[in-house]
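Data block for coords-v6.pdb (PDB, C-alpha atoms and all ligand atoms):
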```
ATOM      1  CA  MET A 241     -18.187  -0.254  15.394
ATOM      2  CA  ASN A 242     -15.111  -1.676  13.633
ATOM      3  CA  TYR A 243     -13.741  -0.166  10.438
ATOM      4  CA  THR A 244     -11.070  -0.921   7.864
ATOM      5  CA  LEU A 245      -9.162   2.178   6.830
ATOM      6  CA  VAL A 246      -7.764   2.056   3.292
ATOM      7  CA  THR A 247      -5.288   4.683   2.084
ATOM      8  CA  GLY A 248      -4.971   5.287  -1.635
ATOM      9  CA  ALA A 249      -8.555   4.076  -1.937
ATOM     10  CA  SER A 250      -9.596   6.284  -4.850
ATOM     11  CA  LYS A 251      -7.895   4.180  -7.549
ATOM     12  CA  GLY A 252      -6.080   0.983  -8.411
ATOM     13  CA  ILE A 253      -5.208  -1.544  -5.745
ATOM     14  CA  GLY A 254      -6.679   0.572  -2.914
ATOM     15  CA  LYS A 255     -10.028   0.824  -4.691
ATOM     16  CA  ALA A 256      -9.944  -2.937  -5.284
ATOM     17  CA  PHE A 257      -9.282  -3.413  -1.562
ATOM     18  CA  ALA A 258     -12.332  -1.281  -0.778
ATOM     19  CA  HIS A 259     -14.527  -3.466  -3.030
ATOM     20  CA  GLU A 260     -13.080  -6.687  -1.610
ATOM     21  CA  CYS A 261     -13.606  -5.535   1.994
ATOM     22  CA  ALA A 262     -17.166  -4.383   1.282
ATOM     23  CA  GLU A 263     -17.949  -7.785  -0.297
ATOM     24  CA  ARG A 264     -16.874  -9.330   3.004
ATOM     25  CA  GLY A 265     -19.129  -7.034   5.029
ATOM     26  CA  MET A 266     -16.370  -4.834   6.423
ATOM     27  CA  ASN A 267     -17.134  -1.171   7.210
ATOM     28  CA  LEU A 268     -14.795   1.261   5.494
ATOM     29  CA  ILE A 269     -12.978   4.544   5.919
ATOM     30  CA  LEU A 270     -11.506   5.562   2.571
ATOM     31  CA  VAL A 271      -8.629   8.030   2.293
ATOM     32  CA  ALA A 272      -7.015   9.667  -0.765
ATOM     33  CA  ARG A 273      -6.728  13.178  -2.191
ATOM     34  CA  SER A 274      -9.447  12.959  -4.865
ATOM     35  CA  GLN A 275     -12.683  13.781  -3.058
ATOM     36  CA  HIS A 276     -14.815  13.196  -6.195
ATOM     37  CA  LEU A 277     -13.367   9.705  -6.756
ATOM     38  CA  LEU A 278     -13.930   8.794  -3.113
ATOM     39  CA  GLU A 279     -17.530  10.024  -3.369
ATOM     40  CA  GLU A 280     -18.032   7.938  -6.522
ATOM     41  CA  LEU A 281     -16.588   4.888  -4.801
ATOM     42  CA  ALA A 282     -18.777   5.397  -1.724
ATOM     43  CA  LYS A 283     -21.781   5.536  -4.083
ATOM     44  CA  GLU A 284     -20.652   2.323  -5.827
ATOM     45  CA  LEU A 285     -20.483   0.615  -2.443
ATOM     46  CA  SER A 286     -23.805   1.952  -1.198
ATOM     47  CA  ASN A 287     -25.666  -1.232  -2.191
ATOM     48  CA  LYS A 288     -23.390  -3.305   0.060
ATOM     49  CA  ASN A 289     -24.549  -3.647   3.607
ATOM     50  CA  VAL A 290     -21.621  -1.690   5.088
ATOM     51  CA  GLN A 291     -20.865   1.759   6.482
ATOM     52  CA  VAL A 292     -18.555   3.823   4.265
ATOM     53  CA  HIS A 293     -16.946   7.130   5.279
ATOM     54  CA  ILE A 294     -14.553   9.113   3.129
ATOM     55  CA  HIS A 295     -11.772  11.502   4.065
ATOM     56  CA  SER A 296      -9.973  13.520   1.423
ATOM     57  CA  ALA A 297      -6.405  14.143   2.576
ATOM     58  CA  ASP A 298      -2.925  14.675   1.188
ATOM     59  CA  LEU A 299      -0.789  12.167   3.059
ATOM     60  CA  LEU A 300       2.320  14.175   2.176
ATOM     61  CA  ASP A 301       1.140  16.636   4.820
ATOM     62  CA  HIS A 302       2.870  15.499   8.019
ATOM     63  CA  SER A 303       0.041  16.715  10.267
ATOM     64  CA  VAL A 304      -2.759  14.927   8.441
ATOM     65  CA  HIS A 305      -2.357  11.435   9.924
ATOM     66  CA  LYS A 306      -3.064  12.636  13.453
ATOM     67  CA  LYS A 307      -6.011  14.683  12.176
ATOM     68  CA  ILE A 308      -7.528  11.629  10.468
ATOM     69  CA  PHE A 309      -7.348   9.556  13.634
ATOM     70  CA  ASN A 310      -8.713  12.436  15.760
ATOM     71  CA  TRP A 311     -11.672  12.663  13.360
ATOM     72  CA  ILE A 312     -12.165   8.884  13.722
ATOM     73  CA  LYS A 313     -12.042   9.153  17.523
ATOM     74  CA  GLU A 314     -14.492  12.083  17.596
ATOM     75  CA  ASN A 315     -16.955   9.932  15.654
ATOM     76  CA  GLY A 316     -16.547   7.025  18.056
ATOM     77  CA  TRP A 317     -15.336   4.595  15.353
ATOM     78  CA  ASN A 318     -12.702   1.901  15.934
ATOM     79  CA  VAL A 319     -10.239   1.054  13.171
ATOM     80  CA  ASN A 320      -9.335  -2.599  13.637
ATOM     81  CA  MET A 321      -7.690  -2.927  10.196
ATOM     82  CA  LEU A 322      -5.374  -0.537   8.387
ATOM     83  CA  ILE A 323      -4.555  -1.047   4.732
ATOM     84  CA  ASN A 324      -1.599   1.267   4.338
ATOM     85  CA  ASN A 325      -1.546   1.339   0.575
ATOM     86  CA  ALA A 326      -1.083   4.851  -0.893
ATOM     87  CA  GLY A 327       2.171   5.100  -2.810
ATOM     88  CA  ILE A 328       3.821   6.757  -5.778
ATOM     89  CA  GLY A 329       6.899   6.239  -7.903
ATOM     90  CA  PHE A 330       8.573   7.521 -11.002
ATOM     91  CA  HIS A 331      11.013   6.323 -13.569
ATOM     92  CA  GLY A 332      14.414   7.718 -14.527
ATOM     93  CA  ASN A 333      18.077   7.918 -13.650
ATOM     94  CA  PHE A 334      18.524   9.200 -10.094
ATOM     95  CA  ASN A 335      20.718  12.222 -10.834
ATOM     96  CA  GLU A 336      18.622  13.345 -13.801
ATOM     97  CA  LYS A 337      15.407  13.768 -11.787
ATOM     98  CA  PRO A 338      14.666  16.628  -9.375
ATOM     99  CA  LEU A 339      15.487  15.931  -5.737
ATOM    100  CA  GLU A 340      11.971  17.071  -4.731
ATOM    101  CA  LYS A 341      10.442  14.171  -6.687
ATOM    102  CA  HIS A 342      12.663  11.669  -4.879
ATOM    103  CA  LEU A 343      11.756  13.204  -1.518
ATOM    104  CA  GLU A 344       8.021  13.044  -2.323
ATOM    105  CA  VAL A 345       8.324   9.324  -3.015
ATOM    106  CA  MET A 346      10.169   8.852   0.266
ATOM    107  CA  HIS A 347       7.639  10.937   2.230
ATOM    108  CA  LEU A 348       4.577   9.129   0.896
ATOM    109  CA  ASN A 349       5.966   5.591   0.666
ATOM    110  CA  MET A 350       7.826   5.608   3.986
ATOM    111  CA  ASP A 351       7.015   8.529   6.348
ATOM    112  CA  SER A 352       3.290   8.370   5.711
ATOM    113  CA  VAL A 353       3.208   4.580   6.096
ATOM    114  CA  VAL A 354       4.996   4.867   9.452
ATOM    115  CA  ARG A 355       2.795   7.727  10.646
ATOM    116  CA  MET A 356      -0.432   5.907   9.734
ATOM    117  CA  ALA A 357       0.747   2.676  11.360
ATOM    118  CA  HIS A 358       1.746   4.515  14.536
ATOM    119  CA  GLU A 359      -1.560   6.366  14.836
ATOM    120  CA  PHE A 360      -3.454   3.152  14.125
ATOM    121  CA  LEU A 361      -1.611   1.100  16.736
ATOM    122  CA  ASN A 362      -2.079   3.776  19.382
ATOM    123  CA  HIS A 363      -5.708   4.637  18.639
ATOM    124  CA  SER A 364      -7.322   1.255  18.051
ATOM    125  CA  ASP A 365      -8.895  -1.073  20.592
ATOM    126  CA  LYS A 366      -6.007  -3.119  22.024
ATOM    127  CA  ASN A 367      -8.390  -5.715  23.461
ATOM    128  CA  GLN A 368      -9.277  -7.133  20.079
ATOM    129  CA  ARG A 369      -7.289  -8.574  17.186
ATOM    130  CA  ARG A 370      -5.984  -5.883  14.841
ATOM    131  CA  TYR A 371      -4.745  -6.125  11.268
ATOM    132  CA  LEU A 372      -2.133  -4.070   9.453
ATOM    133  CA  LEU A 373      -1.281  -4.486   5.781
ATOM    134  CA  ASN A 374       1.473  -2.383   4.229
ATOM    135  CA  THR A 375       1.723  -2.343   0.441
ATOM    136  CA  ALA A 376       5.340  -2.849  -0.578
ATOM    137  CA  SER A 377       6.281  -4.223  -4.019
ATOM    138  CA  THR A 378       8.358  -6.897  -5.712
ATOM    139  CA  GLY A 379      10.693  -3.916  -6.165
ATOM    140  CA  ALA A 380      11.488  -4.413  -2.470
ATOM    141  CA  PHE A 381      13.392  -7.628  -3.210
ATOM    142  CA  GLN A 382      16.268  -6.083  -5.184
ATOM    143  CA  PRO A 383      17.738  -2.731  -6.195
ATOM    144  CA  VAL A 384      16.276  -1.522  -9.488
ATOM    145  CA  PRO A 385      18.191   0.963 -11.639
ATOM    146  CA  THR A 386      15.914   3.828 -12.846
ATOM    147  CA  MET A 387      13.584   3.117  -9.910
ATOM    148  CA  ALA A 388      16.259   3.460  -7.241
ATOM    149  CA  VAL A 389      14.398   5.536  -4.645
ATOM    150  CA  TYR A 390      11.037   3.860  -5.225
ATOM    151  CA  CYS A 391      12.428   0.343  -4.768
ATOM    152  CA  ALA A 392      14.515   1.397  -1.773
ATOM    153  CA  SER A 393      11.359   2.870  -0.230
ATOM    154  CA  LYS A 394       9.565  -0.435  -0.751
ATOM    155  CA  SER A 395      12.494  -2.366   0.798
ATOM    156  CA  PHE A 396      11.963  -0.090   3.798
ATOM    157  CA  VAL A 397       8.246  -0.968   3.907
ATOM    158  CA  LEU A 398       9.058  -4.689   3.739
ATOM    159  CA  SER A 399      11.727  -4.558   6.449
ATOM    160  CA  PHE A 400       9.606  -2.301   8.686
ATOM    161  CA  SER A 401       6.596  -4.628   8.341
ATOM    162  CA  LYS A 402       8.581  -7.753   9.209
ATOM    163  CA  ALA A 403      10.156  -6.118  12.270
ATOM    164  CA  ILE A 404       6.958  -4.744  13.785
ATOM    165  CA  ARG A 405       5.158  -7.985  12.961
ATOM    166  CA  PHE A 406       7.525  -9.717  15.401
ATOM    167  CA  GLU A 407       7.168  -6.964  18.015
ATOM    168  CA  LEU A 408       3.367  -7.033  17.834
ATOM    169  CA  LYS A 409       2.873 -10.800  17.805
ATOM    170  CA  LYS A 410       2.046 -10.957  21.522
ATOM    171  CA  GLN A 411      -0.376  -8.037  21.163
ATOM    172  CA  ASN A 412      -2.592  -9.941  18.743
ATOM    173  CA  VAL A 413      -1.756  -7.724  15.788
ATOM    174  CA  TYR A 414      -1.389  -9.398  12.393
ATOM    175  CA  VAL A 415       1.068  -7.613  10.095
ATOM    176  CA  THR A 416       1.471  -8.449   6.416
ATOM    177  CA  ALA A 417       3.560  -6.869   3.673
ATOM    178  CA  LEU A 418       1.865  -7.107   0.278
ATOM    179  CA  CYS A 419       4.431  -7.278  -2.537
ATOM    180  CA  PRO A 420       2.670  -6.928  -5.875
ATOM    181  CA  GLY A 421       4.524  -7.007  -9.156
ATOM    182  CA  GLY A 422       3.293  -5.041 -12.154
ATOM    183  CA  THR A 423      -0.421  -4.391 -11.659
ATOM    184  CA  ASP A 424      -2.748  -2.746 -14.143
ATOM    185  CA  THR A 425      -3.539   0.585 -12.412
ATOM    186  CA  GLU A 426      -3.038   4.320 -12.929
ATOM    187  CA  PHE A 427       0.325   4.144 -11.168
ATOM    188  CA  PHE A 428       2.400   4.274 -14.352
ATOM    189  CA  ALA A 429       1.273   7.387 -16.261
ATOM    190  CA  PRO A 430       2.197   9.939 -13.550
ATOM    191  CA  ALA A 431       5.388   7.924 -13.000
ATOM    192  CA  GLY A 432       6.394   8.423 -16.663
ATOM    193  CA  MET A 433       6.331   4.663 -17.192
ATOM    194  CA  GLU A 434       4.008   4.195 -20.188
ATOM    195  CA  LYS A 435       6.793   2.596 -22.244
ATOM    196  CA  VAL A 436       7.796   0.316 -19.368
ATOM    197  CA  VAL A 437       4.180  -0.849 -19.099
ATOM    198  CA  LYS A 438       3.980  -1.554 -22.821
ATOM    199  CA  LYS A 439       7.165  -3.587 -22.666
ATOM    200  CA  ASN A 440       5.971  -5.652 -19.698
ATOM    201  CA  ALA A 441       2.238  -5.766 -20.504
ATOM    202  CA  ALA A 442       2.216  -9.570 -20.496
ATOM    203  CA  PHE A 443       3.179  -9.617 -16.800
ATOM    204  CA  MET A 444       0.526  -7.197 -15.514
ATOM    205  CA  MET A 445      -1.919  -8.506 -12.914
ATOM    206  CA  LYS A 446      -5.414  -7.258 -12.188
ATOM    207  CA  ALA A 447      -5.767  -5.013  -9.114
ATOM    208  CA  GLU A 448      -8.745  -7.109  -7.921
ATOM    209  CA  ILE A 449      -6.631 -10.281  -7.813
ATOM    210  CA  VAL A 450      -3.819  -8.496  -5.984
ATOM    211  CA  ALA A 451      -6.164  -7.002  -3.384
ATOM    212  CA  LYS A 452      -7.943 -10.305  -2.782
ATOM    213  CA  ALA A 453      -4.607 -12.095  -2.300
ATOM    214  CA  GLY A 454      -3.499  -9.340   0.080
ATOM    215  CA  LEU A 455      -6.642  -9.488   2.195
ATOM    216  CA  ASP A 456      -6.657 -13.308   2.292
ATOM    217  CA  GLY A 457      -3.005 -13.244   3.375
ATOM    218  CA  LEU A 458      -3.601 -10.640   6.058
ATOM    219  CA  LEU A 459      -6.547 -12.553   7.534
ATOM    220  CA  LYS A 460      -4.335 -15.678   7.605
ATOM    221  CA  ASN A 461      -1.516 -13.686   9.241
ATOM    222  CA  ARG A 462       0.969 -14.217   6.417
ATOM    223  CA  ASN A 463       4.323 -12.482   6.762
ATOM    224  CA  THR A 464       4.409 -11.425   3.108
ATOM    225  CA  VAL A 465       2.091 -11.927   0.155
ATOM    226  CA  THR A 466       3.542 -11.940  -3.360
ATOM    227  CA  PRO A 467       0.662 -12.459  -5.789
ATOM    228  CA  GLY A 468       1.286 -14.368  -9.039
ATOM    229  CA  LEU A 469       3.636 -17.191 -10.008
ATOM    230  CA  ILE A 470       6.024 -15.014 -12.036
ATOM    231  CA  ASN A 471       6.407 -12.603  -9.125
ATOM    232  CA  LYS A 472       7.037 -15.491  -6.717
ATOM    233  CA  LEU A 473       9.747 -16.834  -9.052
ATOM    234  CA  GLY A 474      11.234 -13.351  -9.333
ATOM    235  CA  LYS A 475      11.374 -13.127  -5.550
ATOM    236  CA  LEU A 476      13.145 -16.497  -5.329
ATOM    237  CA  SER A 477      15.697 -15.531  -7.935
ATOM    238  CA  ALA A 478      16.326 -12.118  -6.290
ATOM    239  CA  THR A 479      16.796 -13.803  -2.909
ATOM    240  CA  PHE A 480      19.265 -16.444  -4.027
ATOM    241  CA  SER A 481      21.226 -14.762  -6.835
ATOM    242  CA  PRO A 482      24.137 -12.352  -6.391
ATOM    243  CA  ASP A 483      23.641  -8.621  -7.020
ATOM    244  CA  SER A 484      25.962  -8.906 -10.007
ATOM    245  CA  LEU A 485      23.206 -10.924 -11.740
ATOM    246  CA  VAL A 486      20.058  -9.528 -10.133
ATOM    247  CA  VAL A 487      20.676  -5.810 -10.659
ATOM    248  CA  PRO A 488      21.387  -5.948 -14.418
ATOM    249  CA  MET A 489      18.444  -8.305 -14.861
ATOM    250  CA  ALA A 490      16.092  -5.950 -12.986
ATOM    251  CA  SER A 491      17.438  -3.080 -15.045
ATOM    252  CA  ARG A 492      16.409  -4.844 -18.280
ATOM    253  CA  PHE A 493      12.731  -4.834 -17.257
ATOM    254  CA  PHE A 494      12.734  -1.065 -16.805
ATOM    255  CA  ASP A 495      15.086  -0.137 -19.624
ATOM    256  CA  VAL A 496      13.165   1.691 -22.392
TER     257      VAL A 496
HETATM  258  N1  LIG A 501       0.665  -0.817  -9.923
HETATM  259  C1  LIG A 501       1.747  -1.541  -9.716
HETATM  260  O1  LIG A 501       2.320  -2.157 -10.633
HETATM  261  C2  LIG A 501       2.294  -1.673  -8.311
HETATM  262  C3  LIG A 501       3.272  -2.669  -8.090
HETATM  263  C4  LIG A 501       3.803  -2.810  -6.823
HETATM  264  C5  LIG A 501       3.372  -2.010  -5.798
HETATM  265  N2  LIG A 501       2.434  -1.055  -6.025
HETATM  266  C6  LIG A 501       2.028  -0.213  -4.893
HETATM  267  O2  LIG A 501       0.637  -0.332  -4.715
HETATM  268  C7  LIG A 501       0.139   0.836  -4.078
HETATM  269  C8  LIG A 501      -1.074   1.326  -4.830
HETATM  270  O3  LIG A 501      -0.663   1.713  -6.132
HETATM  271  P1  LIG A 501      -1.609   1.584  -7.405
HETATM  272  O4  LIG A 501      -0.895   0.750  -8.385
HETATM  273  O5  LIG A 501      -2.976   1.246  -6.996
HETATM  274  O6  LIG A 501      -1.499   3.085  -7.949
HETATM  275  P2  LIG A 501      -2.629   4.178  -8.298
HETATM  276  O7  LIG A 501      -3.697   3.574  -9.122
HETATM  277  O8  LIG A 501      -1.863   5.336  -8.818
HETATM  278  O9  LIG A 501      -3.228   4.527  -6.866
HETATM  279  C9  LIG A 501      -2.469   5.252  -5.916
HETATM  280  C10 LIG A 501      -3.382   5.699  -4.803
HETATM  281  O10 LIG A 501      -2.608   6.485  -3.879
HETATM  282  C11 LIG A 501      -3.279   7.746  -3.691
HETATM  283  N3  LIG A 501      -2.314   8.808  -3.428
HETATM  284  C12 LIG A 501      -1.283   9.204  -4.218
HETATM  285  N4  LIG A 501      -0.659  10.263  -3.665
HETATM  286  C13 LIG A 501      -1.323  10.535  -2.512
HETATM  287  C14 LIG A 501      -1.169  11.514  -1.508
HETATM  288  N5  LIG A 501      -0.201  12.443  -1.567
HETATM  289  N6  LIG A 501      -2.029  11.531  -0.462
HETATM  290  C15 LIG A 501      -3.027  10.601  -0.397
HETATM  291  N7  LIG A 501      -3.219   9.639  -1.299
HETATM  292  C16 LIG A 501      -2.379   9.617  -2.356
HETATM  293  C17 LIG A 501      -4.037   7.982  -5.002
HETATM  294  O11 LIG A 501      -5.172   8.781  -4.795
HETATM  295  P3  LIG A 501      -5.282  10.341  -5.134
HETATM  296  O12 LIG A 501      -4.555  10.578  -6.425
HETATM  297  O13 LIG A 501      -6.759  10.533  -5.212
HETATM  298  O14 LIG A 501      -4.683  11.015  -3.960
HETATM  299  C18 LIG A 501      -4.506   6.571  -5.326
HETATM  300  O15 LIG A 501      -5.684   6.272  -4.619
HETATM  301  C19 LIG A 501       1.303   1.813  -4.027
HETATM  302  O16 LIG A 501       1.896   1.778  -2.755
HETATM  303  C20 LIG A 501       2.265   1.274  -5.064
HETATM  304  O17 LIG A 501       3.594   1.624  -4.790
HETATM  305  C21 LIG A 501       1.892  -0.871  -7.262
END
```

Please express what this file holds, its structure, as structure tokens.
Ligand SMILES: NC(=O)c1ccc[n+]([C@@H]2O[C@H](COP(=O)([O-])OP(=O)(O)OC[C@H]3O[C@@H](n4cnc5c(N)ncnc54)[C@H](OP(=O)(O)O)[C@@H]3O)[C@@H](O)[C@H]2O)c1
Amino acid sequence: MNYTLVTGASKGIGKAFAHECAERGMNLILVARSQHLLEELAKELSNKNVQVHIHSADLLDHSVHKKIFNWIKENGWNVNMLINNAGIGFHGNFNEKPLEKHLEVMHLNMDSVVRMAHEFLNHSDKNQRRYLLNTASTGAFQPVPTMAVYCASKSFVLSFSKAIRFELKKQNVYVTALCPGGTDTEFFAPAGMEKVVKKNAAFMMKAEIVAKAGLDGLLKNRNTVTPGLINKLGKLSATFSPDSLVVPMASRFFDV
């Protein structure tokens, strides 16, 4: 039986992905740390006609990705779609924040994404079409002062996705990088970004709209999906303007 595995499924965009997939009749494996939230979500989805399994795991643990896919194999499930979505960030000048925080962002947003993708590609049925969505960010399009490591990690996700998309084309694997802009989720409080959110509240999108756009784009084999007109315009301006304009402009959004 085919499954879609969603990481970071307990909240925000990942939870919205779970709902969107269930609406479309896709069986789910949901991964995040918060067991109780995953259980609640599985209950919410129980009236949909789909199989839902949950796995509580800390994706910062380097050994956990292999364990998840071994558990999947032992149960005889096939993951034909991976939504590699779990991610964290935080706000502040680089040198004023503890190194450990920066490394955590790098481990979750990059190492874990690579580990999950690798396990997925090597453990799923190669005879059928497979789908891989990596959640990047509009932060991937330009350097952002006060979010330096986070945005660099998302540039990594974007570049990585585009490169393996090309490599995997002949193997019938669709790869899409989802690049949301500000989205109304629980991302910001632990990131110390309440004031940033307040300042940019008018630009926030709903997680449900972002997830739907991401899934539609993945099923259509889009290279990248940037939901929302403002975010698309931001991407254009970041692509075609010099750093001397783009970096100060990006800084203004996050300056509080
Ligand atoms: N919100 C935005 O404005 C925005 C914009 C662009 C991109 N994004 C990206 O979108 C993705 C989803 O973010 P979101 O906005 O939905 O944030 P969120 O509401 O904070 O959700 C983050 C998810 O990641 C999980 N997670 C965090 N640390 C984890 C860990 N160590 N191990 C396993 N799971 C972990 C969380 O679950 P647990 O706490 O239960 O583990 C949660 O399910 C992230 O990659 C983020 O960078 C967000």

Quiz item: Which protein, DNA or RNA residues have an atom within 8 Å of ligand LIG 501 (chain A), counting all atoms listed in the file, as a ChimeraX atom specification?
Solution: /A:247-255,271-275,277-278,296-301,324-329,348-349,375-379,390,394,419-428,430,444-445,447

Counting only C-alpha atoms, closest pick from A:Ser399, A:Val353, A:Lys438, A:Arg492 relative to Ile323 of chain A is A:Val353

Could you check the closest approach to Leu322 of chain A for each of A:Asn374, A:Asn289, A:Ser352, A:Asn463 and tell me which residue wins, using only C-alpha atoms?
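Nearest to Leu322 of chain A: A:Asn374.
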
Atomic distance atom CA of His363 of chain A - atom CA of Glu407 of chain A, expressed in Å with one decimal
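Answer for the atom CA of His363 of chain A to atom CA of Glu407 of chain A separation: 17.3 Å.
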
Practice prompt. Tell me which of A:Val487, A:Lys313, A:Glu359, A:Val389 sits closest to Glu340 of chain A, counting all atoms listed in the file.
Written response: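 Of A:Val487, A:Lys313, A:Glu359, A:Val389, the one nearest Glu340 of chain A, counting all atoms listed in the file, is A:Val389.
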
- Task: May I have the residues at most 12 Å from (1.1, -10.5, 23.0) in the file's coordinates, counting only C-alpha atoms, as a list in words?
- Result: Lys366, Asn367, Gln368, Arg369, Arg370, Arg405, Phe406, Glu407, Leu408, Lys409, Lys410, Gln411, Asn412, Val413 and Tyr414 of chain A

Across A:Leu339, A:Leu245, A:Ala478, A:Leu485, the smallest distance to Ala380 of chain A, with all atoms listed in the file counted, is shown by A:Ala478

So, counting only C-alpha atoms, which residue among A:Val496, A:Ile312, A:Val486, A:Met321 is closest to Val246 of chain A?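 Of A:Val496, A:Ile312, A:Val486, A:Met321, the one nearest Val246 of chain A, counting only C-alpha atoms, is A:Met321.
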
One decimal place gives the atom CA of Ser395 of chain A-atom CA of Ser303 of chain A separation as 24.7 Å

Starting from the point (-17.9, 4.6, 18.8), work out which residues of protein, DNA or RNA have an atom no more than 12 Å away when counting all atoms listed in the file; state them as JSON, numbers by chain. {"A": [241, 242, 243, 311, 312, 313, 314, 315, 316, 317, 318, 319, 364, 365]}

Point to revise | Selection result of the PyMOL selection byres (((chain A and resi 291) around 8) and not hetatm) on this file, as a list in words | key: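 This file gives the following for the PyMOL selection byres (((chain A and resi 291) around 8) and not hetatm): Met266, Asn267, Leu268, Asn289, Val290, Val292 and His293 of chain A.
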
One residue among A:Leu418, A:Ala431, A:Val437, A:Val384 is nearest to Ala453 of chain A when using only C-alpha atoms, and that residue is A:Leu418
